[in-house]
file protein.cif (mmCIF, C-alpha atoms and all ligand atoms)
data_my_file
#
loop_
_atom_site.label_atom_id
_atom_site.label_comp_id
_atom_site.auth_asym_id
_atom_site.auth_seq_id
_atom_site.Cartn_x
_atom_site.Cartn_y
_atom_site.Cartn_z
CA MET A 1 0.00 0.00 0.00
CA ARG A 2 1.06 3.62 -0.57
CA ILE A 3 0.92 5.04 2.93
CA LEU A 4 1.41 8.64 4.09
CA VAL A 5 2.40 8.90 7.75
CA THR A 6 2.12 12.41 9.20
CA GLY A 7 4.37 12.99 12.20
CA GLY A 8 6.42 9.99 11.14
CA ALA A 9 9.60 11.36 12.72
CA GLY A 10 7.97 11.29 16.15
CA PHE A 11 7.94 8.57 18.77
CA ILE A 12 4.99 6.46 17.60
CA GLY A 13 5.52 7.38 13.94
CA SER A 14 9.13 6.21 13.77
CA HIS A 15 8.32 2.82 15.32
CA LEU A 16 5.29 2.42 13.06
CA CYS A 17 7.15 3.39 9.88
CA SER A 18 9.91 0.85 10.58
CA ARG A 19 7.26 -1.87 10.77
CA LEU A 20 5.51 -0.67 7.58
CA LEU A 21 8.80 -0.61 5.67
CA ARG A 22 9.73 -4.11 6.84
CA GLU A 23 6.41 -5.21 5.36
CA ASN A 24 7.29 -3.58 2.04
CA HIS A 25 4.72 -0.81 2.07
CA GLU A 26 5.57 2.32 0.06
CA VAL A 27 5.95 4.84 2.88
CA THR A 28 6.01 8.64 2.71
CA ILE A 29 6.74 10.49 5.93
CA VAL A 30 5.84 14.13 6.45
CA ASP A 31 7.08 15.98 9.51
CA ASN A 32 8.14 19.55 10.32
CA PHE A 33 10.54 18.60 13.17
CA ASP A 34 8.40 20.60 15.52
CA PRO A 35 10.35 22.07 18.47
CA TYR A 36 7.90 20.80 21.15
CA TYR A 37 10.84 18.55 22.03
CA ASP A 38 14.36 18.34 20.62
CA PRO A 39 14.12 18.17 16.78
CA GLY A 40 17.59 16.53 16.80
CA ARG A 41 16.01 13.55 18.50
CA LYS A 42 13.39 13.30 15.74
CA LYS A 43 16.14 13.35 13.11
CA LYS A 44 17.86 10.51 14.96
CA GLN A 45 14.57 8.59 15.01
CA LEU A 46 14.31 9.03 11.23
CA GLU A 47 17.85 7.66 10.84
CA LEU A 48 16.70 4.53 12.68
CA VAL A 49 13.70 4.20 10.36
CA LYS A 50 16.12 4.20 7.39
CA ARG A 51 17.54 0.90 8.67
CA ALA A 52 14.16 -0.70 7.92
CA GLY A 53 14.05 0.43 4.28
CA ASN A 54 13.79 3.36 1.91
CA PHE A 55 11.05 5.93 2.22
CA GLN A 56 10.23 9.36 0.91
CA PHE A 57 10.60 12.15 3.45
CA ILE A 58 8.92 15.54 3.09
CA GLN A 59 9.69 18.28 5.59
CA ALA A 60 6.52 20.37 5.73
CA ASP A 61 4.27 22.12 8.19
CA LEU A 62 0.81 20.62 7.74
CA MET A 63 -0.83 23.58 9.46
CA ASP A 64 -0.01 25.44 6.26
CA LYS A 65 -2.83 24.60 3.80
CA GLN A 66 -0.68 25.06 0.68
CA ALA A 67 2.14 22.94 2.06
CA CYS A 68 -0.36 20.24 2.98
CA ARG A 69 -1.85 20.28 -0.51
CA LYS A 70 1.61 19.92 -2.06
CA VAL A 71 2.30 16.81 0.02
CA PHE A 72 -0.87 15.18 -1.31
CA GLN A 73 0.10 16.12 -4.88
CA THR A 74 3.32 14.07 -4.74
CA LYS A 75 1.42 10.80 -5.32
CA ARG A 76 -1.96 9.19 -4.79
CA PHE A 77 -1.95 7.67 -1.32
CA ASP A 78 -4.08 4.66 -0.43
CA VAL A 79 -3.90 5.29 3.29
CA VAL A 80 -3.10 8.29 5.51
CA ILE A 81 -2.07 7.66 9.11
CA HIS A 82 -2.38 11.04 10.82
CA LEU A 83 -0.13 11.15 13.87
CA ALA A 84 1.21 14.71 13.61
CA ALA A 85 -0.01 16.75 16.55
CA LEU A 86 1.01 18.90 19.45
CA PRO A 87 0.88 16.39 22.29
CA GLY A 88 1.11 16.98 26.05
CA VAL A 89 -1.63 17.62 28.57
CA ALA A 90 0.40 19.94 30.85
CA TYR A 91 1.55 22.22 28.00
CA SER A 92 -2.03 22.44 26.71
CA VAL A 93 -3.09 24.05 29.99
CA LYS A 94 -0.49 26.79 29.36
CA GLU A 95 -1.05 27.20 25.60
CA PRO A 96 -4.61 26.08 24.83
CA LEU A 97 -4.94 27.95 21.52
CA ALA A 98 -1.93 26.20 20.04
CA TYR A 99 -3.89 22.95 20.29
CA VAL A 100 -6.70 24.37 18.18
CA HIS A 101 -4.12 25.11 15.46
CA TYR A 102 -2.12 21.88 15.65
CA ASP A 103 -4.69 19.32 16.58
CA ILE A 104 -7.86 20.68 14.97
CA GLU A 105 -6.84 22.95 12.06
CA MET A 106 -4.00 20.66 10.94
CA THR A 107 -6.34 17.65 11.09
CA ILE A 108 -8.89 19.51 8.93
CA ASN A 109 -6.15 20.27 6.36
CA VAL A 110 -5.16 16.59 6.25
CA LEU A 111 -8.76 15.32 6.08
CA LYS A 112 -9.68 17.75 3.31
CA CYS A 113 -6.63 16.86 1.19
CA ALA A 114 -7.21 13.14 1.81
CA GLY A 115 -10.84 13.49 0.68
CA GLU A 116 -10.04 15.59 -2.38
CA THR A 117 -7.30 13.25 -3.60
CA GLY A 118 -9.29 10.02 -3.20
CA VAL A 119 -7.45 8.46 -0.24
CA SER A 120 -9.27 5.22 0.64
CA HIS A 121 -8.56 4.98 4.36
CA VAL A 122 -7.77 7.63 6.99
CA ILE A 123 -6.44 6.49 10.37
CA PHE A 124 -6.54 9.17 13.06
CA SER A 125 -4.56 8.99 16.30
CA SER A 126 -6.79 10.07 19.14
CA SER A 127 -6.23 9.67 22.83
CA SER A 128 -7.59 8.12 26.01
CA SER A 129 -7.90 11.69 27.30
CA VAL A 130 -11.19 12.09 25.37
CA TYR A 131 -12.90 9.98 28.07
CA GLY A 132 -12.35 12.69 30.71
CA ASN A 133 -12.19 11.78 34.38
CA LYS A 134 -14.20 8.61 34.70
CA ALA A 135 -11.92 5.57 34.70
CA ASP A 136 -13.01 3.66 37.77
CA LYS A 137 -14.11 1.04 35.22
CA PRO A 138 -12.87 -0.03 31.78
CA LEU A 139 -13.57 2.70 29.22
CA ALA A 140 -15.50 1.44 26.20
CA GLU A 141 -15.51 3.38 22.93
CA ASP A 142 -19.08 4.66 23.33
CA MET A 143 -18.43 6.22 26.75
CA VAL A 144 -17.27 9.64 25.55
CA ASP A 145 -19.48 12.64 26.33
CA GLY A 146 -17.22 15.62 25.64
CA LYS A 147 -16.70 16.36 29.35
CA VAL A 148 -12.91 16.39 29.09
CA VAL A 149 -10.53 18.02 31.57
CA SER A 150 -7.71 19.47 29.43
CA PRO A 151 -7.41 21.58 26.26
CA TYR A 152 -5.39 18.72 24.70
CA ALA A 153 -8.31 16.34 25.25
CA ALA A 154 -10.79 18.93 23.94
CA SER A 155 -8.74 19.30 20.75
CA LYS A 156 -8.63 15.52 20.21
CA TYR A 157 -12.37 15.27 20.88
CA GLY A 158 -12.99 18.11 18.41
CA ALA A 159 -10.67 16.54 15.84
CA GLU A 160 -12.56 13.24 16.14
CA SER A 161 -15.77 15.10 15.26
CA PHE A 162 -14.12 16.63 12.19
CA CYS A 163 -12.96 13.14 11.18
CA HIS A 164 -16.59 11.93 11.27
CA SER A 165 -17.83 14.91 9.27
CA PHE A 166 -15.17 14.56 6.55
CA GLN A 167 -15.79 10.79 6.39
CA HIS A 168 -19.42 11.67 5.68
CA LEU A 169 -18.45 14.27 3.05
CA TYR A 170 -15.88 12.19 1.16
CA GLY A 171 -16.77 8.58 1.98
CA PHE A 172 -13.26 7.33 2.82
CA GLN A 173 -12.86 4.55 5.36
CA LEU A 174 -12.23 6.11 8.79
CA SER A 175 -10.50 4.47 11.74
CA ILE A 176 -10.12 6.49 14.92
CA LEU A 177 -7.63 4.90 17.30
CA ARG A 178 -7.57 6.05 20.92
CA PHE A 179 -4.08 5.35 22.24
CA PHE A 180 -3.55 4.85 25.97
CA THR A 181 -0.30 6.26 27.53
CA VAL A 182 2.32 4.92 25.16
CA TYR A 183 5.88 4.13 26.30
CA GLY A 184 8.99 2.36 25.06
CA PRO A 185 12.41 3.26 23.61
CA TRP A 186 12.45 6.83 22.24
CA ALA A 187 9.22 7.70 24.05
CA ARG A 188 8.45 11.40 24.22
CA PRO A 189 10.69 12.97 26.87
CA ASP A 190 7.79 14.87 28.48
CA MET A 191 6.07 11.65 29.58
CA ALA A 192 6.46 9.95 32.97
CA ILE A 193 8.14 6.64 32.08
CA PRO A 194 10.91 8.03 29.83
CA LYS A 195 11.44 10.94 32.22
CA PHE A 196 11.77 8.58 35.20
CA ALA A 197 14.12 6.24 33.32
CA GLU A 198 16.35 9.07 32.17
CA ARG A 199 16.63 10.72 35.59
CA LEU A 200 17.02 7.49 37.55
CA SER A 201 19.79 6.32 35.21
CA LYS A 202 21.68 9.50 36.20
CA GLY A 203 20.97 9.03 39.91
CA LEU A 204 18.58 12.01 39.98
CA PRO A 205 15.30 12.17 41.97
CA ILE A 206 11.96 11.89 40.19
CA GLU A 207 8.75 13.84 40.76
CA ILE A 208 5.23 12.49 40.97
CA TYR A 209 2.07 14.60 40.94
CA GLY A 210 -0.96 14.04 43.19
CA SER A 211 -1.84 10.65 44.63
CA GLY A 212 -4.03 7.67 43.79
CA THR A 213 -3.33 7.95 40.06
CA SER A 214 -3.14 5.07 37.59
CA ARG A 215 -2.64 4.71 33.84
CA ASP A 216 -3.22 2.04 31.26
CA TYR A 217 0.44 2.09 30.13
CA THR A 218 0.80 0.58 26.66
CA TYR A 219 4.09 -0.57 25.18
CA ILE A 220 4.90 0.86 21.75
CA ASP A 221 4.95 -2.57 20.03
CA ASP A 222 1.33 -3.11 21.08
CA ILE A 223 0.36 0.28 19.66
CA VAL A 224 2.09 -0.56 16.36
CA ASP A 225 0.25 -3.92 16.33
CA GLY A 226 -3.04 -2.04 16.77
CA VAL A 227 -2.38 0.32 13.87
CA HIS A 228 -1.20 -2.57 11.76
CA ALA A 229 -4.38 -4.55 12.51
CA VAL A 230 -6.65 -1.68 11.49
CA LEU A 231 -4.76 -1.23 8.20
CA ASN A 232 -5.93 -4.63 7.13
CA THR A 233 -9.58 -4.37 8.23
CA ASN A 234 -12.65 -3.27 6.31
CA HIS A 235 -15.29 -1.07 7.91
CA GLU A 236 -16.81 2.30 7.12
CA ASN A 237 -16.27 4.39 10.24
CA GLU A 238 -15.10 2.88 13.52
CA THR A 239 -13.33 3.93 16.71
CA PHE A 240 -11.08 1.55 18.66
CA ASN A 241 -9.23 1.75 21.96
CA ILE A 242 -5.64 0.60 21.63
CA GLY A 243 -4.32 0.00 25.14
CA TYR A 244 -2.95 -2.75 27.35
CA GLY A 245 -6.25 -3.24 29.17
CA GLU A 246 -5.15 -2.82 32.79
CA PRO A 247 -4.69 0.26 34.97
CA ILE A 248 -1.29 0.37 36.71
CA SER A 249 -1.10 2.46 39.87
CA MET A 250 1.76 4.91 40.36
CA GLU A 251 2.95 2.77 43.31
CA ARG A 252 3.15 -0.30 41.06
CA LEU A 253 4.95 1.63 38.36
CA LEU A 254 7.49 2.90 40.90
CA ASP A 255 7.97 -0.64 42.27
CA ASN A 256 8.89 -1.77 38.78
CA PHE A 257 11.56 0.94 38.59
CA ARG A 258 12.75 0.25 42.14
CA LYS A 259 13.90 -3.24 41.04
CA PHE A 260 16.52 -1.51 38.89
CA TYR A 261 17.12 1.57 41.04
CA PRO A 262 16.67 0.44 44.68
CA ASP A 263 17.85 3.79 46.11
CA MET A 264 15.66 5.96 43.94
CA GLU A 265 14.35 9.18 45.46
CA VAL A 266 10.73 10.17 44.78
CA ILE A 267 9.52 13.73 45.35
CA GLN A 268 5.81 14.20 45.90
CA LYS A 269 4.38 17.30 44.14
CA PRO A 270 0.82 18.72 44.21
CA TRP A 271 -1.83 17.60 41.74
CA ARG A 272 -1.43 18.97 38.19
CA THR A 273 -4.57 20.51 36.68
CA GLY A 274 -5.62 18.92 33.39
CA ASP A 275 -4.53 15.42 34.42
CA VAL A 276 -7.13 12.68 34.82
CA VAL A 277 -6.96 10.42 37.88
CA SER A 278 -6.96 7.16 35.99
CA THR A 279 -7.25 5.53 32.57
CA TRP A 280 -8.30 1.97 31.83
CA ALA A 281 -8.89 0.74 28.28
CA ASP A 282 -11.67 -1.67 27.43
CA ILE A 283 -9.99 -3.43 24.49
CA ALA A 284 -12.77 -5.95 23.79
CA LYS A 285 -13.83 -4.22 20.55
CA ALA A 286 -10.26 -4.13 19.19
CA GLU A 287 -9.84 -7.79 20.18
CA THR A 288 -13.00 -8.99 18.46
CA ARG A 289 -13.03 -6.72 15.42
CA LEU A 290 -9.30 -6.33 14.73
CA GLY A 291 -7.84 -9.47 16.29
CA TYR A 292 -5.73 -7.13 18.45
CA LYS A 293 -4.04 -8.61 21.50
CA SER A 294 -1.88 -6.58 23.89
CA LYS A 295 1.29 -8.48 24.75
CA VAL A 296 3.85 -6.50 26.73
CA SER A 297 3.29 -6.38 30.52
CA ILE A 298 4.43 -3.37 32.53
CA LYS A 299 7.17 -5.52 34.10
CA ASP A 300 8.63 -6.50 30.73
CA GLY A 301 8.07 -3.05 29.25
CA ILE A 302 9.91 -1.22 32.04
CA GLU A 303 12.78 -3.70 31.75
CA LYS A 304 13.02 -2.93 28.01
CA VAL A 305 13.01 0.83 28.69
CA VAL A 306 15.69 0.55 31.38
CA ARG A 307 17.88 -1.55 29.04
CA TRP A 308 17.37 0.99 26.25
CA ILE A 309 18.35 3.94 28.49
CA GLY A 310 21.42 1.97 29.52
CA SER A 311 22.39 1.37 25.89
CA CYS A 312 22.06 5.13 25.14
CA SER A 313 24.58 6.06 27.82
CA ASP A 314 27.08 3.27 26.86
N1 LIG B 1 2.52 9.04 23.14
C1 LIG B 1 1.35 8.84 23.72
O1 LIG B 1 1.26 8.36 24.85
C2 LIG B 1 0.05 9.16 23.00
C3 LIG B 1 -1.16 8.82 23.61
C4 LIG B 1 -2.35 9.14 22.96
C5 LIG B 1 -2.34 9.72 21.72
N2 LIG B 1 -1.14 10.05 21.14
C6 LIG B 1 -1.16 10.70 19.84
O2 LIG B 1 -0.35 9.96 18.94
C7 LIG B 1 0.27 10.86 17.99
C8 LIG B 1 1.77 10.67 18.00
O3 LIG B 1 2.25 10.95 19.31
P1 LIG B 1 3.80 10.83 19.71
O4 LIG B 1 3.84 10.51 21.15
O5 LIG B 1 4.51 10.00 18.72
O6 LIG B 1 4.21 12.38 19.56
P2 LIG B 1 5.51 13.03 18.87
O7 LIG B 1 5.50 14.46 19.28
O8 LIG B 1 6.71 12.23 19.16
O9 LIG B 1 5.17 12.92 17.32
C9 LIG B 1 4.39 13.88 16.64
C10 LIG B 1 5.16 14.30 15.39
O10 LIG B 1 4.35 15.24 14.68
C11 LIG B 1 5.22 16.23 14.13
N3 LIG B 1 4.44 17.46 13.91
C12 LIG B 1 3.92 18.28 14.86
N4 LIG B 1 3.35 19.34 14.27
C13 LIG B 1 3.51 19.18 12.94
C14 LIG B 1 3.14 19.98 11.81
N5 LIG B 1 2.51 21.15 11.98
N6 LIG B 1 3.45 19.53 10.58
C15 LIG B 1 4.10 18.36 10.41
N7 LIG B 1 4.49 17.57 11.44
C16 LIG B 1 4.19 17.98 12.69
C17 LIG B 1 6.27 16.43 15.22
O11 LIG B 1 7.45 17.03 14.72
C18 LIG B 1 6.48 15.00 15.72
O12 LIG B 1 7.56 14.39 15.05
C19 LIG B 1 -0.19 12.25 18.40
O13 LIG B 1 -1.31 12.58 17.63
C20 LIG B 1 -0.58 12.11 19.85
O14 LIG B 1 -1.53 13.07 20.25
C21 LIG B 1 0.06 9.78 21.75
#
call {"tool": "encode", "arguments": {"input": "protein.cif", "output": "structure tokens"}}
result
Amino acid sequence: MRILVTGGAGFIGSHLCSRLLRENHEVTIVDNFDPYYDPGRKKKQLELVKRAGNFQFIQADLMDKQACRKVFQTKRFDVVIHLAALPGVAYSVKEPLAYVHYDIEMTINVLKCAGETGVSHVIFSSSSSVYGNKADKPLAEDMVDGKVVSPYAASKYGAESFCHSFQHLYGFQLSILRFFTVYGPWARPDMAIPKFAERLSKGLPIEIYGSGTSRDYTYIDDIVDGVHAVLNTNHENETFNIGYGEPISMERLLDNFRKFYPDMEVIQKPWRTGDVVSTWADIAKAETRLGYKSKVSIKDGIEKVVRWIGSCSD
């Protein structure tokens, strides 16, 4: 398949593109090396993707309508996997308007170009944050009500709505994937697991916010499996949770790190506004409809991350 991956130099995108190339898809990556975190790191990630095969790379800002149009003129894509976004809940509290530009306007540009150029399948990366603060039970896909608690979540919720409307206008196949807290080698440096691993490997203390929190932490290989499964499925317009399927408390997460760093120092900080208390993915729909199965436990995943951090400092 001819696949366009937006944000392909990022964390999830670089892992996904490596898998697509190994499976001989014709991959085009578009990314603007956004400075939300070190663009040098994104360039390194792209270098790693090159080991999996050749791809076309276009450096472009998809918030720019003309630039977006030009990308879609380079060839006729069968599938667009739209990962490019401004991520980060905490930053969205500081800069809410930026999320309207990156996560809503950019998504509209991509959807419009995909529709106008006859793309058959659009896959949109949404987030567990669209469920808001209600995860004392597994979150099933139909449990969203728009009552989100951060501007990031509001922008993803809004972008999902635009996906539905453009699916209706242009008739392409639409898959909305709601990813649950993704981690693994090269994970975004603003997220808890990579931040903890980096600091602990240097003997530095780590900070945790609030208490009683838990997350459905999902290893990157499981996320890539989820996207891969949806690529090969036929439906008109569906939304799937892609998560591990189990909430892990902060205490349990820290215990997993403590095995490697027994003297680690943890600093308790006040609650951060915009954060949800807990997330817990109901993955039954992805299991039945996509044949998706999450595989990497938190214990194995943290071990992989710790090994990776160690190999970076060797
Ligand atoms: N990592 C997670 O835990 C997680 C969870 C839920 C949803 N998601 C979503 O998955 C997607 C990928 O997340 P990630 O963690 O890989 O983030 P990332 O920041 O590593 O990747 C996003 C990429 O998009 C690119 N980008 C940003 N703005 C752009 C623009 N205007 N034009 C072109 N490229 C642009 C960035 O340079 C970056 O390489 C995002 O949509 C994110 O919201 C991630």
call {"tool": "closest_residue", "arguments": {"input": "protein.cif", "among": "A:Ala85, A:Ile302, A:Val276, A:Ile12", "to": "Ala197 of chain A", "atoms": "all atoms listed in the file"}}
result
A:Ile302
call {"tool": "residues_around", "arguments": {"input": "protein.cif", "residues": "segment 36-38 of chain A", "least_positions_apart": "5", "cutoff": "8 Å", "atoms": "all atoms listed in the file", "output": "number ranges by chain"}}
result
A: 86, 188-189
call {"tool": "write_last_selection", "arguments": {"input": "protein.cif", "atoms": "C-alpha atoms", "output": "PDB file, in the coordinates of the input"}}
result
ATOM      1  CA  LEU A  86       1.010  18.900  19.450  1.00  0.00           C
ATOM      2  CA  ARG A 188       8.450  11.400  24.220  1.00  0.00           C
ATOM      3  CA  PRO A 189      10.690  12.970  26.870  1.00  0.00           C
TER       4      PRO A 189
END
call {"tool": "residues_around", "arguments": {"input": "protein.cif", "residues": "Phe57 of chain A", "least_positions_apart": "3", "cutoff": "7 Å", "atoms": "all atoms listed in the file", "output": "ChimeraX atom specification"}}
result
/A:28-30
call {"tool": "residues_near_ligand", "arguments": {"input": "protein.cif", "ligand": "ligand LIG 1 (chain B)", "cutoff": "7 Å", "atoms": "all atoms listed in the file", "output": "ChimeraX atom specification"}}
result
/A:6-13,30-35,42,60-63,83-87,102,106,125-128,178-183,187-188
call {"tool": "atom_distance", "arguments": {"input": "protein.cif", "atom1": "atom CA of Gly40 of chain A", "atom2": "atom CA of Glu198 of chain A"}}
result
17.1 Å
